[in-house]
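Below is one structure, written out as structure tokens; comments come after it.
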Amino acid sequence: MKTFLYELKEGLLISFNAIRSNKIRSILTTLGIVIGVTSVVLMSTAINGIDNAFQTGMSSLGSDNLYIDKWEWFSNDKPWWELRNRRNITMRDYEQFKELAKLPAAVAPDTWTAQTVKYKNKTAEAVIVRGTNSDYVRATNLVLGEGRFFNELESNGGRNVAVLGSEIAKNLFNNINAIGEEIRIKGHKFVVVGVLAEQGSWIMGEFNPDKQIIIPIQNIFKYFANENNKTITITVKAKNNQMVEQTKEEAISIMRKIRGLKYNQEDDFSINQQEGLLKNINQTVGVIQIAGLFITGLSLFVGAVGIMNIMFVSVKERTKEIGIRKAIGAKRRTILGQFITEAAIICLIGGLIGLFIAILLSKIVNQFLPTSVQVETIILAISISIITGIVSGFAPAYTAAKLDPVEALRYE
Amino acid sequence: MNGNNMNIINIEHVAKIYQVGSEEVHALRDVSLRINKGEYVAIMGPSGSGKSTLMNILGCLDTPTHGLYEFKGVNVSQMNDNELAKIRNKEIGFVFQTFNLLPRSNALHNVELPLIYAGVPASERKERARLALEHVGLGDRIYHKPNELSGGQRQRVAIARALVTNPSIILADEPTGNLDTKTGEDIMALFNEIYEQGNTIILVTHEEYIAEHAERIIRIRDGLIENDEKVVNRYIPQKNGASKL
């Protein structure tokens with residue numbers, strides 16, 4: 001054991017000497033490992049970022065929500081024209097649904113339109129303006145940052161009041177208090193009554209609540225869209241997670257009843273859940289993983305072959321040295337260990353370079369996908385490089401270990 | 001020969017046959033010899049005589065095809081690579097014609113190396129290596145690399161490396177072959193000193209005047225011992241002041 005430690009130390013010393021005296025060669029050799037480790041670290045970091053965004057996105061949507069919609073959100077089971085030909089979901093459907101549904105904790109209608117919003121001389125283009133009623137806060141997980149949500153009176157009366165998403169508020173008002181200020185949506189005056197707390201995530205894109213403005217739904221139909229050809233979404237919140245399935249069953253039967261569907265007719269609406277989003281995200285993550293693993297695998301393979309090649313050259317060049325070492329008592333194991341150590345060190349250096357590059361690149365990724373390199377990823381990267389070194393160094397090291405000392409000493 | 005001295009090497013009917021293509025080459029045909037502790041033996045012979053093969057077998061770098069080789073009473077003729085490596089490490093100190101030092105390591109580390117393989121702790125290792133270098137007159141050159149040393153100094157480092165493990169035999173293969181006469185003489189003086197301290201030395205050479213430094217000469221020809229006799233008028237080199245060159 002003691003001898004092994006001394007030999008390991010000697011092996012490390014030899015490796016550093018050998019690498020130092022062949023700097024360019026060693027660095028070129030590590031290129032494959034560098035790329036491999038960079039891609040594995042970036043991949044894990046990106047997936048981690050997507051996961052994080054998904055978690056935050058989901059918590060703002062609420063996991064016990066159902067969305068009754070004309071469109072199927074995440075599925076490609078039905079062709080889009082079939083969905084397009086469905087009847088719109090109307091406010092009348094909502095009123096009836098609300099009347100009949102017993103299980104939900106809350107039900108709220110909503111629809112949206114993209115509009116230009118102005119505050120004094122500041123303009124925000126194509127802002128999602130969501131129309132809903134006062135039940136919306138209860139039907140979702142939205143949290144108010146400042147002010148209040150519009151009340152029943154305001155929403156039923158179609159008052160010109162608005163609640164801003166945190167990002168919109170920041171864009172239009174900077175650090176000024178927005179409450180009570182007047183904004184113009186497509187020229188129509190609205191008074192800001194509340195600002196939402198920051199809660200969305202990039203994964204929801206334009207539908208990130210941070211980027212939206214919420215107004216009473218009547219105003220959408222009054223100013224921006226014709227009620228007759230605008231479909232709405234009914235957001236249904238189950239009482240708790242266990243109740244989601246039951247609530248969904250009830251929702252389906254109520255909707256069929258409202259819509260007057262016969263038993264042999266298909267649903268002409270969809271009940272969407274965030275599971276659909278989860279499935280979508282998992283697909284994306286899967287693609288990133290496959291691409292990442294492919295690049296990683298390929299470059300590590302190329303890297304390993306390169307290391308193996310250079311180690312064979314190194315063994316050949318140092319035949320005499322191997323002979324000397326054997327003559328003065330190095331065992332096969334010692335020589336084997338020495339060259340495997342050297343290959344592992346070269347790979348480790350490559351891995352560290354790769355890690356360094358990946359950390360720099362992840363700073364760039366961080367600009368649009370908040371993330372950071374995880375400790376697990378660093379450990380993974382280091383392990384991968386050392387293992388690659390050991391695997392690729394084995395064959396050359398074995399050749400070296402097997403050399404006949406007499407032959408090796410004679411080699412010039 | 002000092003009859004009561006311990007026998008270190010005992011070779012009986014050793015033969016070494018190499019397969020070169022379809023042809024068998026008998027490098028050693030039938031060699032028997034004994035070497036005792038404290039002897040200074042020269043092995044002589046022209047090239048192709050089999051003396052290198054004999055040296056490789058004596059040095060446990062190679063094993064005989066036939067015959068028995070006992071080293072300190074232990075049969076080493078059938079040992080595997082690792083067992084031989086252990087014997088080489090503990091019992092044999094090699095000195096080569098071309099010095100065979102590790103070019104990238106300094107003198108101290110070169111001398112330390114066999115002790116690393118023997119599992120000696122670092123502090124003890126450094127101390128022993130330093131003492132061995134002082135012993136060969138290189139106490140002031142321990143951090144020099146081989147290319148910063150003269151030929152004679154390099155050979156001294158190699159001798160220090162051979163001595164550092166306190167081996168049972170020092171096996172020197174043409175130790176003066178790459179040195180000028182003057183430096184060669186200094187090295188031979190060093191060997192004489194080592195011999196007088198009670199070490200066993202086997203010197204392989206093809207030069208008569210080098211062989212005459214030993215107290216016994218074994219002459220090899222065509223894979224057989226031609227002659228094995230005591231040197232009547234042994235040449236004892238004088239240690240001279242310039243030996244550190």
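Identifiers in this document derive from the order of the structure tokens: chains are assigned A, B, ..., residues are numbered from 1 separately in each chain, and ligands are numbered from 1 in order of occurrence.
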Distance limit 7 Å, atoms considered: only C-alpha atoms. Which chain B residues sit that close to chain A? Return them as a PyMOL selection string.
chain B and resi 61+82+85-86+88-89+100+102+114+116-119
Within 6 Å of region 149-157 of chain A, counting only C-alpha atoms, which residues show up once you throw out same-chain ones fewer than 3 positions away? Write them as a ChimeraX atom specification, please.
/A:133-134,194,216
Could you please take those selected residues and save C-alpha atoms as a PDB file, in the first residue's frame?
```
ATOM      1  CA  ASN A 133     -63.081  38.935 -14.061  1.00  0.00           C
ATOM      2  CA  SER A 134     -62.478  39.380 -10.360  1.00  0.00           C
ATOM      3  CA  GLY A 194     -52.513  46.873  -9.002  1.00  0.00           C
ATOM      4  CA  PRO A 216     -62.040  43.328 -17.066  1.00  0.00           C
TER       5      PRO A 216
END
```
Please provide the set of residues having any atom within 8 Å of Gly337 (chain A), restricted to only C-alpha atoms, with same-chain residues fewer than 2 positions apart removed, written as a list in words.
Leu8, Gly11, Arg333, Thr334, Ile335, Phe339, Ile340, Thr341 and Ala397 of chain A
What does the file look like for those residues with N, CA and C atoms, as an mmCIF file, in the first residue's frame?
```cif
data_model
loop_
_atom_site.group_PDB
_atom_site.id
_atom_site.type_symbol
_atom_site.label_atom_id
_atom_site.label_comp_id
_atom_site.auth_asym_id
_atom_site.auth_seq_id
_atom_site.Cartn_x
_atom_site.Cartn_y
_atom_site.Cartn_z
ATOM 1 N N LEU A 8 2.535 6.004 -7.023
ATOM 2 C CA LEU A 8 1.544 6.928 -7.577
ATOM 3 C C LEU A 8 2.129 8.341 -7.633
ATOM 4 N N GLY A 11 4.516 8.456 -10.286
ATOM 5 C CA GLY A 11 3.771 8.496 -11.547
ATOM 6 C C GLY A 11 3.287 9.897 -11.868
ATOM 7 N N ARG A 333 3.229 -3.584 -12.882
ATOM 8 C CA ARG A 333 2.174 -2.772 -12.308
ATOM 9 C C ARG A 333 2.601 -1.298 -12.221
ATOM 10 N N THR A 334 3.872 -1.109 -11.845
ATOM 11 C CA THR A 334 4.392 0.247 -11.684
ATOM 12 C C THR A 334 4.359 1.001 -13.005
ATOM 13 N N ILE A 335 4.838 0.332 -14.048
ATOM 14 C CA ILE A 335 4.896 0.965 -15.368
ATOM 15 C C ILE A 335 3.475 1.200 -15.882
ATOM 16 N N PHE A 339 1.872 5.023 -16.822
ATOM 17 C CA PHE A 339 1.339 5.524 -18.092
ATOM 18 C C PHE A 339 -0.163 5.799 -18.019
ATOM 19 N N ILE A 340 -0.878 4.990 -17.230
ATOM 20 C CA ILE A 340 -2.306 5.279 -17.055
ATOM 21 C C ILE A 340 -2.463 6.617 -16.334
ATOM 22 N N THR A 341 -1.619 6.829 -15.337
ATOM 23 C CA THR A 341 -1.660 8.110 -14.617
ATOM 24 C C THR A 341 -1.430 9.257 -15.595
ATOM 25 N N ALA A 397 -0.372 1.684 -21.966
ATOM 26 C CA ALA A 397 0.314 1.401 -20.705
ATOM 27 C C ALA A 397 0.616 -0.086 -20.593
#
```
If we count only C-alpha atoms and set the cut-off at 9 Å, which residues sit around Thr231 (chain A), ignoring sequence neighbours fewer than 4 positions away in its own chain? Please answer as a PyMOL selection string.
chain A and resi 69-70+87-91+111+227
Residues as selected, C-alpha atoms, written as a tab-separated table (two decimals), in the first residue's frame, can you do that?
```tsv
chain	number	residue	atom	x	y	z
A	69	ASP	CA	-60.38	25.80	-24.24
A	70	LYS	CA	-61.28	25.49	-27.89
A	87	ARG	CA	-67.40	26.32	-31.86
A	88	ASN	CA	-65.95	29.14	-29.83
A	89	ILE	CA	-66.27	29.01	-26.09
A	90	THR	CA	-68.33	31.99	-25.12
A	91	MET	CA	-69.12	34.00	-22.03
A	111	THR	CA	-59.23	35.85	-23.26
A	227	GLU	CA	-67.31	38.88	-28.78
```
So how many Å separate CA of Thr65 (chain B) and CA of Ile43 (chain B), to one decimal?
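Value for the CA of Thr65 (chain B)-CA of Ile43 (chain B) distance: 20.4 Å.
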As a PyMOL selection string, please: all residues of region 108-228 of chain B that backbone DSSP puts in strand (DSSP E or B).
chain B and resi 169-173+200-205+216-221+224-228
In Å, how far is it from CA of Leu403 (chain A) to CA of Val315 (chain A)?
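About the pair CA of Leu403 (chain A) and CA of Val315 (chain A): they are 9.9 Å apart.
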Show me, as a list in words, the residues that have an atom within 10 Å of Val111 (chain B) when counting only C-alpha atoms, minus same-chain residues fewer than 6 positions from it.
Leu101, Leu102, Ser105, Arg125, Lys126, Arg128, Ala129, Arg130, Ala132, Leu133, Ile142, Val157, Ala158, Ile159, Ala160, Arg161, Ala162, Leu163, Val164 and Thr165 of chain B
Contact residues around region 241-249 of chain A with only C-alpha atoms at 9 Å, ignoring same-chain residues under 5 positions, as a compact mmCIF listing (two decimals) with N, CA and C atoms, in the first residue's frame:
```txt
# COMPACT_ATOMS: atom_id res chain seq x y z
N SER A 63 -50.68 23.97 -10.08
CA SER A 63 -50.65 22.59 -10.57
C SER A 63 -52.04 21.97 -10.55
N ASP A 64 -52.98 22.62 -9.88
CA ASP A 64 -54.31 22.00 -9.80
C ASP A 64 -55.31 22.74 -10.70
N ASN A 65 -54.80 23.35 -11.76
CA ASN A 65 -55.68 24.08 -12.66
C ASN A 65 -56.04 23.28 -13.91
N LEU A 66 -57.26 23.53 -14.39
CA LEU A 66 -57.72 22.97 -15.67
C LEU A 66 -58.07 24.15 -16.55
N ALA A 101 -71.21 23.88 -12.16
CA ALA A 101 -70.07 23.15 -11.58
C ALA A 101 -70.09 23.28 -10.07
N LYS A 102 -69.99 22.11 -9.39
CA LYS A 102 -70.04 22.11 -7.93
C LYS A 102 -68.63 21.93 -7.33
N LEU A 103 -67.76 21.23 -8.04
CA LEU A 103 -66.48 20.85 -7.45
C LEU A 103 -65.40 21.94 -7.42
N PRO A 104 -65.33 22.79 -8.44
CA PRO A 104 -64.18 23.71 -8.48
C PRO A 104 -64.12 24.67 -7.30
N VAL A 236 -60.29 26.69 -14.47
CA VAL A 236 -60.97 26.01 -13.38
C VAL A 236 -59.92 25.59 -12.37
N ILE A 254 -70.28 18.61 -17.77
CA ILE A 254 -71.02 19.88 -17.81
C ILE A 254 -70.88 20.53 -19.18
N ILE A 271 -59.86 20.00 -22.51
CA ILE A 271 -59.53 20.34 -21.14
C ILE A 271 -58.01 20.24 -21.03
```
Which residues come within 7 Å of Leu203 (chain B), counting only C-alpha atoms, excluding same-chain residues fewer than 3 positions away, as a short mmCIF file (atom, residue, chain, number, x, y, z; two decimals) with C-alpha atoms, in the first residue's frame?
```
data_model
loop_
_atom_site.label_atom_id
_atom_site.label_comp_id
_atom_site.auth_asym_id
_atom_site.auth_seq_id
_atom_site.Cartn_x
_atom_site.Cartn_y
_atom_site.Cartn_z
CA VAL B 41 34.84 -10.79 -10.89
CA ALA B 42 35.38 -9.71 -14.47
CA ILE B 43 33.49 -11.44 -17.26
CA LEU B 171 26.73 -5.54 -11.98
CA ALA B 172 28.73 -3.22 -14.21
CA ASP B 173 28.46 -3.58 -17.98
#
```
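Taking CA of Asn282 (chain A) and CA of Ser372 (chain A) as the two end points, the separation is 19.8 Å.
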Per-residue DSSP, region 3-228 of chain B, filtered to alpha helix (DSSP H), as a PyMOL selection string
chain B and resi 51-58+81-91+107-118+122-135+151-163+181-196+208-211
Would you mind exporting C-alpha atoms of the selected residues as a compact mmCIF listing (two decimals), in the first residue's frame?
```
# COMPACT_ATOMS: atom_id res chain seq x y z
CA LYS B 51 28.76 -12.40 -22.23
CA SER B 52 25.87 -9.94 -22.56
CA THR B 53 23.42 -12.81 -22.33
CA LEU B 54 25.20 -14.09 -19.26
CA MET B 55 25.12 -10.63 -17.74
CA ASN B 56 21.37 -10.31 -18.43
CA ILE B 57 20.75 -13.63 -16.73
CA LEU B 58 23.01 -12.79 -13.80
CA ASP B 81 8.53 -10.69 -14.23
CA ASN B 82 7.41 -9.18 -10.96
CA GLU B 83 9.47 -11.48 -8.78
CA LEU B 84 12.52 -10.73 -10.91
CA ALA B 85 11.81 -6.99 -10.64
CA LYS B 86 11.84 -7.34 -6.87
CA ILE B 87 15.21 -9.17 -6.94
CA ARG B 88 16.67 -6.55 -9.27
CA ASN B 89 15.40 -3.80 -7.04
CA LYS B 90 16.72 -5.20 -3.76
CA GLU B 91 19.72 -7.32 -4.66
CA ALA B 107 21.01 13.35 -9.75
CA LEU B 108 19.21 13.03 -6.42
CA HIS B 109 15.99 11.81 -7.99
CA ASN B 110 17.85 9.37 -10.21
CA VAL B 111 19.53 7.86 -7.17
CA GLU B 112 16.28 7.89 -5.24
CA LEU B 113 14.37 5.95 -7.88
CA PRO B 114 15.18 2.37 -6.78
CA LEU B 115 14.19 3.33 -3.24
CA ILE B 116 10.84 4.61 -4.52
CA TYR B 117 10.18 1.22 -6.05
CA ALA B 118 11.30 -0.39 -2.79
CA ALA B 122 10.52 10.07 1.25
CA SER B 123 12.67 11.56 3.98
CA GLU B 124 14.74 8.41 4.43
CA ARG B 125 14.98 8.08 0.66
CA LYS B 126 16.38 11.56 0.17
CA GLU B 127 18.87 11.09 2.97
CA ARG B 128 20.13 7.77 1.65
CA ALA B 129 20.35 9.10 -1.90
CA ARG B 130 22.28 12.14 -0.73
CA LEU B 131 24.69 9.96 1.24
CA ALA B 132 25.22 7.69 -1.76
CA LEU B 133 26.01 10.71 -3.94
CA GLU B 134 28.43 12.02 -1.33
CA HIS B 135 30.00 8.59 -1.23
CA GLY B 151 30.51 11.65 -18.47
CA GLY B 152 32.48 10.63 -15.41
CA GLN B 153 30.06 12.40 -13.12
CA ARG B 154 27.11 10.73 -14.80
CA GLN B 155 28.69 7.35 -14.27
CA ARG B 156 29.22 8.26 -10.61
CA VAL B 157 25.52 9.07 -10.32
CA ALA B 158 24.78 5.67 -11.86
CA ILE B 159 27.12 4.02 -9.35
CA ALA B 160 25.44 5.87 -6.50
CA ARG B 161 22.10 4.63 -7.81
CA ALA B 162 23.46 1.08 -7.90
CA LEU B 163 24.78 1.35 -4.33
CA THR B 181 41.05 6.67 -20.29
CA LYS B 182 41.69 9.12 -17.50
CA THR B 183 38.07 9.31 -16.35
CA GLY B 184 37.76 5.56 -16.83
CA GLU B 185 40.64 5.10 -14.47
CA ASP B 186 38.90 7.27 -11.86
CA ILE B 187 35.77 5.18 -12.15
CA MET B 188 37.79 2.00 -11.78
CA ALA B 189 39.35 3.50 -8.65
CA LEU B 190 35.87 4.09 -7.32
CA PHE B 191 34.93 0.47 -8.04
CA ASN B 192 38.07 -0.64 -6.22
CA GLU B 193 37.07 1.43 -3.22
CA ILE B 194 33.58 -0.10 -3.27
CA TYR B 195 35.12 -3.56 -3.52
CA GLU B 196 37.41 -2.89 -0.58
CA GLU B 208 41.96 -6.81 -20.84
CA TYR B 209 43.36 -3.94 -18.80
CA ILE B 210 39.95 -3.15 -17.32
CA ALA B 211 39.38 -6.82 -16.49
```
In terms of the shortest atom-to-atom distance over only C-alpha atoms, which of B:Ile170, B:Ile8, B:Cys60, B:Val232 is closest to Asn36 (chain B)?
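Among B:Ile170, B:Ile8, B:Cys60, B:Val232, it is B:Ile8 that comes nearest to Asn36 (chain B).
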